[in-house]
Amino acid sequence: MEIEPIQESLLAVMPYWNYRISKPFKHLLDDGVSMEMYYCLQIIRGFDEALTMTELSQRIQMSKQQMTKIINRLVERGFVKRIYDPSNRRIIKIQITDRALDYIEHFLKENAECFRETLEAMDSQELADFKQAIDILTRVLSKLPRD
């Protein structure tokens, strides 16, 4: 398959995604939570066990220095906690807290309403197509190699 048409499609969808999904989402965040902090919470939430800073920074594709700043802010808000390995204090794992899970649940129930108008503008076939496209994008993007 040729790459150029895929590149063109990717670049064409970016403005729509930015103005119809990302920007409205960014305006909904509260409690001083940035998009990067929210993304970080969602990544941590997706794993059953605590992640090391290295694992987390690799999954988010961010330097450990930048990740440390985000984790510090999440710790201050009580959204994550650091767990020190008793056998090696240099190993620090990050674990999501119940407060963060409550924040995410509240966010999804209360604030995701901004997408309702966009979604209700679609007919049932468009909704099914959109859901399938998001599921496929999530599956494919999650498997891409990390820098």
# chains A, B, ... in the order shown; residues from 1 in each chain; ligands from 1
>>> select_by_dssp(residues="range 39-107 of chain A", states="alpha helix (DSSP H)", output="ChimeraX atom specification")
/A:39-45,53-60,64-76,98-107
>>> select_by_dssp(residues="chain A", states="strand (DSSP E or B)", output="compact mmCIF listing (two decimals) with C-alpha atoms, in the first residue's frame")
# COMPACT_ATOMS: atom_id res chain seq x y z
CA LEU A 51 4.47 1.49 36.51
CA THR A 52 8.03 2.66 36.98
CA VAL A 80 -1.14 9.24 42.03
CA LYS A 81 1.22 7.96 44.68
CA ARG A 82 4.81 6.87 44.57
CA ILE A 83 5.58 3.36 45.76
CA TYR A 84 9.17 2.68 46.73
CA ASP A 85 10.58 -0.80 46.17
CA ASN A 88 15.82 -1.14 45.97
CA ARG A 89 14.81 2.41 46.94
CA ARG A 90 15.96 3.68 43.54
CA ILE A 91 13.00 1.89 41.95
CA ILE A 92 9.89 4.03 42.25
CA LYS A 93 6.57 2.90 40.88
CA ILE A 94 3.61 5.15 40.19
CA GLN A 95 0.12 4.03 41.11
CA ILE A 96 -3.20 5.73 40.43
>>> residues_around(residues="range 53-61 of chain A", least_positions_apart="6", cutoff="12 Å", atoms="only C-alpha atoms", output="PyMOL selection string")
chain A and resi 36-47+67-72+81-84+90-95+141-147
>>> atom_distance(atom1="CA of Ala112 in chain A", atom2="CA of Tyr19 in chain A")
15.4 Å
>>> decode(residues="range 88-101 of chain A", atoms="all heavy atoms", output="mmCIF file, in the first residue's frame")
data_model
loop_
_atom_site.group_PDB
_atom_site.id
_atom_site.type_symbol
_atom_site.label_atom_id
_atom_site.label_comp_id
_atom_site.auth_asym_id
_atom_site.auth_seq_id
_atom_site.Cartn_x
_atom_site.Cartn_y
_atom_site.Cartn_z
ATOM 1 N N ASN A 88 14.981 -2.076 46.713
ATOM 2 C CA ASN A 88 15.822 -1.138 45.972
ATOM 3 C C ASN A 88 15.112 0.213 45.937
ATOM 4 O O ASN A 88 14.244 0.437 45.094
ATOM 5 C CB ASN A 88 16.091 -1.660 44.558
ATOM 6 C CG ASN A 88 17.039 -0.775 43.777
ATOM 7 O OD1 ASN A 88 17.337 0.351 44.179
ATOM 8 N ND2 ASN A 88 17.527 -1.276 42.658
ATOM 9 N N ARG A 89 15.489 1.121 46.813
ATOM 10 C CA ARG A 89 14.812 2.414 46.942
ATOM 11 C C ARG A 89 14.951 3.284 45.688
ATOM 12 O O ARG A 89 14.258 4.287 45.563
ATOM 13 C CB ARG A 89 15.337 3.185 48.156
ATOM 14 C CG ARG A 89 15.170 2.473 49.466
ATOM 15 C CD ARG A 89 13.949 2.780 50.245
ATOM 16 N NE ARG A 89 13.679 4.175 50.488
ATOM 17 C CZ ARG A 89 12.471 4.623 50.757
ATOM 18 N NH1 ARG A 89 11.463 3.806 50.803
ATOM 19 N NH2 ARG A 89 12.263 5.899 50.982
ATOM 20 N N ARG A 90 15.842 2.903 44.778
ATOM 21 C CA ARG A 90 15.960 3.680 43.540
ATOM 22 C C ARG A 90 14.806 3.388 42.589
ATOM 23 O O ARG A 90 14.540 4.156 41.685
ATOM 24 C CB ARG A 90 17.293 3.388 42.850
ATOM 25 C CG ARG A 90 18.497 3.955 43.614
ATOM 26 C CD ARG A 90 19.772 3.596 42.936
ATOM 27 N NE ARG A 90 19.912 2.134 42.990
ATOM 28 C CZ ARG A 90 20.832 1.433 42.357
ATOM 29 N NH1 ARG A 90 21.709 2.046 41.606
ATOM 30 N NH2 ARG A 90 20.896 0.137 42.457
ATOM 31 N N ILE A 91 14.140 2.255 42.799
ATOM 32 C CA ILE A 91 13.000 1.894 41.954
ATOM 33 C C ILE A 91 11.734 2.483 42.568
ATOM 34 O O ILE A 91 11.367 2.165 43.694
ATOM 35 C CB ILE A 91 12.864 0.361 41.814
ATOM 36 C CG1 ILE A 91 14.104 -0.212 41.124
ATOM 37 C CG2 ILE A 91 11.590 0.013 41.044
ATOM 38 C CD1 ILE A 91 14.120 -1.731 41.047
ATOM 39 N N ILE A 92 11.117 3.370 41.804
ATOM 40 C CA ILE A 92 9.892 4.029 42.251
ATOM 41 C C ILE A 92 8.808 3.705 41.241
ATOM 42 O O ILE A 92 8.979 3.922 40.040
ATOM 43 C CB ILE A 92 10.085 5.552 42.339
ATOM 44 C CG1 ILE A 92 11.237 5.891 43.281
ATOM 45 C CG2 ILE A 92 8.793 6.236 42.777
ATOM 46 C CD1 ILE A 92 11.695 7.331 43.203
ATOM 47 N N LYS A 93 7.704 3.199 41.746
ATOM 48 C CA LYS A 93 6.567 2.904 40.879
ATOM 49 C C LYS A 93 5.473 3.929 41.147
ATOM 50 O O LYS A 93 5.344 4.451 42.248
ATOM 51 C CB LYS A 93 6.057 1.484 41.104
ATOM 52 C CG LYS A 93 7.069 0.447 40.646
ATOM 53 C CD LYS A 93 6.472 -0.913 40.574
ATOM 54 C CE LYS A 93 7.483 -1.874 39.964
ATOM 55 N NZ LYS A 93 6.883 -3.149 39.649
ATOM 56 N N ILE A 94 4.695 4.173 40.117
ATOM 57 C CA ILE A 94 3.609 5.146 40.192
ATOM 58 C C ILE A 94 2.293 4.395 40.123
ATOM 59 O O ILE A 94 2.093 3.563 39.222
ATOM 60 C CB ILE A 94 3.702 6.171 39.036
ATOM 61 C CG1 ILE A 94 5.086 6.821 38.992
ATOM 62 C CG2 ILE A 94 2.589 7.196 39.136
ATOM 63 C CD1 ILE A 94 5.490 7.552 40.258
ATOM 64 N N GLN A 95 1.411 4.707 41.057
ATOM 65 C CA GLN A 95 0.116 4.034 41.111
ATOM 66 C C GLN A 95 -1.002 5.082 41.176
ATOM 67 O O GLN A 95 -0.898 6.072 41.898
ATOM 68 C CB GLN A 95 0.052 3.130 42.340
ATOM 69 C CG GLN A 95 -1.212 2.304 42.421
ATOM 70 C CD GLN A 95 -1.148 1.353 43.605
ATOM 71 O OE1 GLN A 95 -0.842 1.760 44.711
ATOM 72 N NE2 GLN A 95 -1.425 0.085 43.346
ATOM 73 N N ILE A 96 -2.046 4.832 40.431
ATOM 74 C CA ILE A 96 -3.197 5.732 40.430
ATOM 75 C C ILE A 96 -3.958 5.570 41.750
ATOM 76 O O ILE A 96 -3.964 4.488 42.337
ATOM 77 C CB ILE A 96 -4.094 5.470 39.196
ATOM 78 C CG1 ILE A 96 -5.026 6.642 38.948
ATOM 79 C CG2 ILE A 96 -4.837 4.149 39.346
ATOM 80 C CD1 ILE A 96 -5.632 6.640 37.561
ATOM 81 N N THR A 97 -4.583 6.637 42.216
ATOM 82 C CA THR A 97 -5.329 6.591 43.475
ATOM 83 C C THR A 97 -6.830 6.555 43.205
ATOM 84 O O THR A 97 -7.283 6.844 42.086
ATOM 85 C CB THR A 97 -5.024 7.826 44.341
ATOM 86 O OG1 THR A 97 -5.496 8.991 43.647
ATOM 87 C CG2 THR A 97 -3.539 7.950 44.655
ATOM 88 N N ASP A 98 -7.576 6.226 44.247
ATOM 89 C CA ASP A 98 -9.035 6.242 44.131
ATOM 90 C C ASP A 98 -9.538 7.644 43.800
ATOM 91 O O ASP A 98 -10.519 7.795 43.073
ATOM 92 C CB ASP A 98 -9.680 5.743 45.430
ATOM 93 C CG ASP A 98 -9.497 4.245 45.630
ATOM 94 O OD1 ASP A 98 -9.229 3.537 44.638
ATOM 95 O OD2 ASP A 98 -9.615 3.790 46.781
ATOM 96 N N ARG A 99 -8.856 8.655 44.314
ATOM 97 C CA ARG A 99 -9.254 10.038 44.017
ATOM 98 C C ARG A 99 -9.178 10.307 42.511
ATOM 99 O O ARG A 99 -10.057 10.947 41.937
ATOM 100 C CB ARG A 99 -8.388 11.016 44.784
ATOM 101 C CG ARG A 99 -8.767 12.446 44.534
ATOM 102 C CD ARG A 99 -8.041 13.409 45.400
ATOM 103 N NE ARG A 99 -8.547 14.741 45.117
ATOM 104 C CZ ARG A 99 -8.004 15.842 45.550
ATOM 105 N NH1 ARG A 99 -6.969 15.795 46.339
ATOM 106 N NH2 ARG A 99 -8.518 17.002 45.224
ATOM 107 N N ALA A 100 -8.129 9.819 41.862
ATOM 108 C CA ALA A 100 -7.989 9.997 40.410
ATOM 109 C C ALA A 100 -9.062 9.221 39.664
ATOM 110 O O ALA A 100 -9.635 9.729 38.698
ATOM 111 C CB ALA A 100 -6.605 9.562 39.956
ATOM 112 N N LEU A 101 -9.342 8.012 40.120
ATOM 113 C CA LEU A 101 -10.382 7.210 39.469
ATOM 114 C C LEU A 101 -11.740 7.890 39.606
ATOM 115 O O LEU A 101 -12.527 7.912 38.653
ATOM 116 C CB LEU A 101 -10.412 5.800 40.054
ATOM 117 C CG LEU A 101 -9.152 4.964 39.796
ATOM 118 C CD1 LEU A 101 -9.212 3.647 40.564
ATOM 119 C CD2 LEU A 101 -8.934 4.726 38.317
#
